[in-house]
Amino acid sequence: MMMQPASTQAPPDVVARTAAVIEGVNGLEGPLLPILHGVQDEFGFVPTESLPVIAEALNISNAEVHGVVTFYHDYRRAPAGRHVLKICRAEACQSMGSDAIAAKIRQLLGIGFHETAADGSVTLEPVYCLGLCACAPSAMFDGEVIGRLDAEKLDEIVAEIRS
């Protein structure tokens, strides 16, 4: 008698919701990225249990899907906080002081990059260019870009997170 490892199957709701996303982009050329975006839109992140469903549908390996999810910074592997703050880490922003901004925000929030506050209020992420090089340093807070980020703007962001 062969023993099956526990939890080799994805929960049925994850399978069904992932399959629905896949069906929605059926027929697109190069569908992996649109599928991953759709799965993230559906769940708020890309559940590990979705990866084999996607791999099977596209006839690729789990490792290929996992590689894409882990390569691109915008795919989350866990739910984000209520707010998402992205600090630009590109060279133009670094030359204008984003390292100090990043250190200050990490200290104020008590979390590092790729982390979510224990209360679920915010997720802090690095981003590598928001296209605001002339307004460096820059950030994105809940999808809104912020240029010329300074201590005053950081205080406003933290106040919003804590409200």
# chains A, B, ... in the order shown; residues from 1 in each chain; ligands from 1
$ residues_around --residues "Phe141 (chain A)" --least-positions-apart "4" --cutoff "8 Å" --atoms "only C-alpha atoms" --output "list in words"
His83, Val84, Leu85, Lys86, Val145, Ile146 and Ile157 of chain A
$ write_last_selection --atoms "N, CA and C atoms" --output "compact mmCIF listing (two decimals), in the first residue's frame"
# COMPACT_ATOMS: atom_id res chain seq x y z
N HIS A 83 -2.64 48.57 2.97
CA HIS A 83 -1.95 49.56 2.15
C HIS A 83 -0.68 48.92 1.60
N VAL A 84 -0.25 49.37 0.43
CA VAL A 84 1.01 48.92 -0.15
C VAL A 84 1.85 50.15 -0.45
N LEU A 85 3.04 50.19 0.13
CA LEU A 85 3.98 51.29 -0.09
C LEU A 85 5.20 50.74 -0.82
N LYS A 86 5.46 51.30 -1.99
CA LYS A 86 6.62 50.90 -2.78
C LYS A 86 7.60 52.07 -2.82
N VAL A 145 1.42 57.51 -7.43
CA VAL A 145 2.84 57.85 -7.41
C VAL A 145 3.05 59.16 -6.65
N ILE A 146 4.19 59.22 -5.97
CA ILE A 146 4.56 60.38 -5.16
C ILE A 146 5.99 60.74 -5.53
N ILE A 157 2.19 59.77 4.92
CA ILE A 157 1.94 58.37 4.54
C ILE A 157 1.74 57.53 5.78
$ select_by_dssp --residues "region 106-155 of chain A" --states "helix (DSSP H, G or I)" --output "list in words"
Arg106, Gln107, Leu108, Leu109, Cys133, Ala134, Cys135, Ala151, Glu152, Lys153, Leu154 and Asp155 of chain A
$ residues_around --residues "Gly30 (chain A)" --least-positions-apart "6" --cutoff "12 Å" --atoms "only C-alpha atoms" --output "PyMOL selection string"
chain A and resi 36+58+60
$ select_by_dssp --residues "region 27-163 of chain A" --states "strand (DSSP E or B)" --output "JSON, numbers by chain"
{"A": [83, 84, 85, 86, 87, 88, 115, 116, 122, 123, 124, 125, 126, 127, 139, 140, 141, 144, 145, 146]}
$ write_last_selection --atoms "C-alpha atoms" --output "short mmCIF file (atom, residue, chain, number, x, y, z; two decimals), in the first residue's frame"
data_model
loop_
_atom_site.label_atom_id
_atom_site.label_comp_id
_atom_site.auth_asym_id
_atom_site.auth_seq_id
_atom_site.Cartn_x
_atom_site.Cartn_y
_atom_site.Cartn_z
CA HIS A 83 -1.95 49.56 2.15
CA VAL A 84 1.01 48.92 -0.15
CA LEU A 85 3.98 51.29 -0.09
CA LYS A 86 6.62 50.90 -2.78
CA ILE A 87 9.87 52.83 -2.46
CA CYS A 88 11.91 53.35 -5.63
CA GLU A 115 7.29 42.41 4.75
CA THR A 116 3.79 43.16 6.00
CA VAL A 122 0.88 47.89 5.28
CA THR A 123 3.21 45.95 3.01
CA LEU A 124 6.55 47.57 2.15
CA GLU A 125 8.08 46.74 -1.22
CA PRO A 126 11.04 47.91 -3.24
CA VAL A 127 10.36 48.96 -6.81
CA ALA A 139 7.35 56.12 -4.16
CA MET A 140 3.97 54.59 -4.89
CA PHE A 141 1.34 54.44 -2.16
CA GLU A 144 -0.62 56.63 -6.46
CA VAL A 145 2.84 57.85 -7.41
CA ILE A 146 4.56 60.38 -5.16
#
$ atom_distance --atom1 "CA of Tyr75 (chain A)" --atom2 "CA of Leu33 (chain A)"
10.0 Å
$ closest_residue --among "A:Gly143, A:Ala92, A:Leu149, A:Glu160" --to "Ser121 (chain A)" --atoms "only C-alpha atoms"
A:Glu160
$ closest_residue --among "A:Val65, A:Ala100, A:Ala90, A:Val46" --to "Ala78 (chain A)" --atoms "only C-alpha atoms"
A:Val46
